[in-house]
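K.L.:
Take a look at this one; I'll ask things after.
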Amino acid sequence: MSLLADARTLAHSIVGNIDDFATEITCTDEFEATATVNGLVNETALAIDPDTGVQVAGKQASVVVSRAAISEAGLAYPKAIPETTATPWLVAWAGADAVSRSYKVIEVLPDDNPGIDLVTLKLDAYES
C-alpha cells in the first residue's frame with residue numbers, strides 16, 4: 001500500500017469514526033435531497049480581532065466530510081450558493097448540548113490532494 005493510500009485510509013477512519021471523533025451531519029443539497037454523513041465539526045463562538053487583539057463575539061463554523069461519503073449518500077457535490085433566493089446547500093448536526101444547529105454552505109474547500117478525498121465546508125447561520 002502506498003503512503004497516499006495509507007494517508008487516505010487514516011483520514012477517512014478519523015472523519016468517519018462516530019465513536020471517537022466524528023459527528024453525524026445531516027446534509028441537504030440544492031435539489032433538496034437529504035442524507036446523513038459522518039464528519040468533523042468546528043464551531044467557534046469567540047474570535048480575536050486581528051487589528052485590536054480583543055476577543056469579539058461572532059460564530060464561525062465549518063465541517064470536514066469525505067467527498068466519497070457525499071457521493072455514496074446520493075447527494076450532489078456541495079456548492080456555495082451566495083444568493084438568498086436560491087436553495088442553499090445545508091448542513092445540520094446536534095451539538096454536545098443536544099441542540100440542533102443549521103447552517104448553509106458559503107464556501108467549498110476541497111483538499112488540494114485529491115487522493116485524500118476530503119472537503120471542508122465553511123458555513124454561515126441559516127434559518128428556514
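Letters A, B, ... go to the chains of the C-alpha cells in the order shown; residues in each chain start at 1; ligands are counted from 1 in the same order.
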So which residues touch region 10-21 of chain A within 6 Å, counting only C-alpha atoms, skipping near sequence neighbours fewer than 6 positions away, as a PyMOL selection string?
P.N.:
chain A and resi 38-40
K.L.:
Would you mind exporting N, CA, C and O atoms of the selected residues as a PDB file, in the first residue's frame?
P.N.:
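Produced file again.pdb, reproduced below:
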```pdb
ATOM      1  N   ASN A  38     -20.980  11.158   8.130  1.00  0.00           N
ATOM      2  CA  ASN A  38     -20.153  11.439   9.299  1.00  0.00           C
ATOM      3  C   ASN A  38     -19.080  12.441   8.911  1.00  0.00           C
ATOM      4  O   ASN A  38     -18.567  12.407   7.790  1.00  0.00           O
ATOM      5  N   GLY A  39     -18.740  13.324   9.839  1.00  0.00           N
ATOM      6  CA  GLY A  39     -17.697  14.299   9.571  1.00  0.00           C
ATOM      7  C   GLY A  39     -17.247  14.983  10.845  1.00  0.00           C
ATOM      8  O   GLY A  39     -17.791  14.747  11.927  1.00  0.00           O
ATOM      9  N   LEU A  40     -16.261  15.838  10.700  1.00  0.00           N
ATOM     10  CA  LEU A  40     -15.751  16.624  11.821  1.00  0.00           C
ATOM     11  C   LEU A  40     -16.398  17.996  11.784  1.00  0.00           C
ATOM     12  O   LEU A  40     -16.514  18.603  10.715  1.00  0.00           O
TER      13      LEU A  40
END
```
K.L.:
I'd like the contact shell of region 75-84 of chain A - 6 Å cut-off, only C-alpha atoms, skipping same-chain residues fewer than 6 positions apart - returned as a compact mmCIF listing (two decimals) with N, CA and C atoms, in the first residue's frame.
P.N.:
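This is the output file part26.txt:
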```txt
# COMPACT_ATOMS: atom_id res chain seq x y z
N VAL A 105 -23.97 26.41 3.39
CA VAL A 105 -22.59 26.38 2.91
C VAL A 105 -22.30 27.68 2.18
N ILE A 106 -21.24 28.38 2.61
CA ILE A 106 -20.86 29.63 1.95
C ILE A 106 -19.54 29.51 1.19
N GLU A 107 -18.79 28.43 1.46
CA GLU A 107 -17.53 28.22 0.74
C GLU A 107 -17.19 26.74 0.76
```
K.L.:
List every residue of chain A that DSSP, applied to the backbone of this structure, places in strand (DSSP E or B), and write the result as JSON, numbers by chain.
P.N.:
{"A": [23, 24, 25, 26, 27, 28, 34, 35, 36, 37, 38, 39, 40, 41, 42, 43, 44, 45, 46, 47, 48, 55, 56, 57, 58, 59, 60, 61, 62, 63, 64, 65, 66, 90, 91, 92, 93, 94, 100, 101, 102, 103, 104, 105, 106, 107, 108, 109, 110, 118, 119, 120, 121, 122, 123, 124, 125]}
K.L.:
Would you mind reading off the distance between CA of Asp6 (chain A) and CA of Leu121 (chain A), one decimal, in Å?
P.N.:
23.8 Å
K.L.:
Could you state the separation of CA of Pro110 (chain A) and CA of Glu43 (chain A) in Å, given to one decimal place?
P.N.:
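Computing the Euclidean distance for CA of Pro110 (chain A) and CA of Glu43 (chain A) yields 19.0 Å.
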K.L.:
A:Gly74, A:Lys104, A:Lys122, A:Leu109: which is nearest Thr87 (chain A), counting only C-alpha atoms?
P.N.:
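So, comparing all the options, the nearest one is A:Lys104.
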K.L.:
Per DSSP on the backbone, what are the alpha helix (DSSP H) residues of region 23-84 of chain A, as number ranges by chain?
P.N.:
A: 67-72
K.L.:
Those residues with N, CA and C atoms, as a PDB file, in the first residue's frame please?
P.N.:
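That gives us result08.pdb:
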```pdb
ATOM      1  N   ARG A  67     -15.582  13.362   0.413  1.00  0.00           N
ATOM      2  CA  ARG A  67     -16.306  13.516  -0.856  1.00  0.00           C
ATOM      3  C   ARG A  67     -16.956  12.198  -1.262  1.00  0.00           C
ATOM      4  N   ALA A  68     -16.284  11.095  -0.983  1.00  0.00           N
ATOM      5  CA  ALA A  68     -16.842   9.783  -1.319  1.00  0.00           C
ATOM      6  C   ALA A  68     -18.123   9.531  -0.528  1.00  0.00           C
ATOM      7  N   ALA A  69     -18.155   9.914   0.751  1.00  0.00           N
ATOM      8  CA  ALA A  69     -19.355   9.713   1.569  1.00  0.00           C
ATOM      9  C   ALA A  69     -20.518  10.524   1.024  1.00  0.00           C
ATOM     10  N   ILE A  70     -20.251  11.740   0.558  1.00  0.00           N
ATOM     11  CA  ILE A  70     -21.303  12.573  -0.027  1.00  0.00           C
ATOM     12  C   ILE A  70     -21.859  11.910  -1.275  1.00  0.00           C
ATOM     13  N   SER A  71     -20.970  11.443  -2.123  1.00  0.00           N
ATOM     14  CA  SER A  71     -21.382  10.783  -3.357  1.00  0.00           C
ATOM     15  C   SER A  71     -22.150   9.494  -3.073  1.00  0.00           C
ATOM     16  N   GLU A  72     -21.633   8.677  -2.148  1.00  0.00           N
ATOM     17  CA  GLU A  72     -22.283   7.413  -1.796  1.00  0.00           C
ATOM     18  C   GLU A  72     -23.661   7.639  -1.175  1.00  0.00           C
TER      19      GLU A  72
END
```
K.L.:
Would you please work out which residue, of A:Val41, A:Ile25, A:Ala125, A:Ala33, is nearest to Ala92 (chain A) when using only C-alpha atoms?
P.N.:
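Between A:Val41, A:Ile25, A:Ala125, A:Ala33, the residue approaching Ala92 (chain A) most closely is A:Ile25.
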K.L.:
Return the single residue from A:Thr26, A:Thr9, A:Ser100, A:Thr34 that is closest to Val63 (chain A), with distances computed using only C-alpha atoms.
P.N.:
A:Thr26
K.L.:
May I ask for the distance between CA of Thr120 (chain A) and CA of Ser62 (chain A), given in Å to one decimal place?
P.N.:
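So the answer is 6.8 Å.
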K.L.:
Could you name the residues that touch Tyr103 (chain A) at 9 Å or less, counting only C-alpha atoms, but leaving out those on the same chain fewer than 6 positions away, as a JSON list (two decimals) with C-alpha atoms, in the first residue's frame?
P.N.:
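Saved result, selection-v2.json, follows:
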```json
[["chain", "number", "residue", "atom", "x", "y", "z"],
["A", 61, "ALA", "CA", -18.44, 27.13, 11.74],
["A", 89, "TRP", "CA", -26.65, 23.50, 0.36],
["A", 90, "LEU", "CA", -27.41, 22.93, 4.08],
["A", 91, "VAL", "CA", -25.79, 21.05, 6.93],
["A", 92, "ALA", "CA", -27.14, 20.38, 10.43],
["A", 123, "LEU", "CA", -20.72, 27.71, 6.96],
["A", 124, "ASP", "CA", -22.99, 30.62, 7.84],
["A", 125, "ALA", "CA", -26.06, 30.71, 10.04],
["A", 126, "TYR", "CA", -29.27, 29.57, 8.40],
["A", 127, "GLU", "CA", -32.86, 29.77, 9.48]]
```
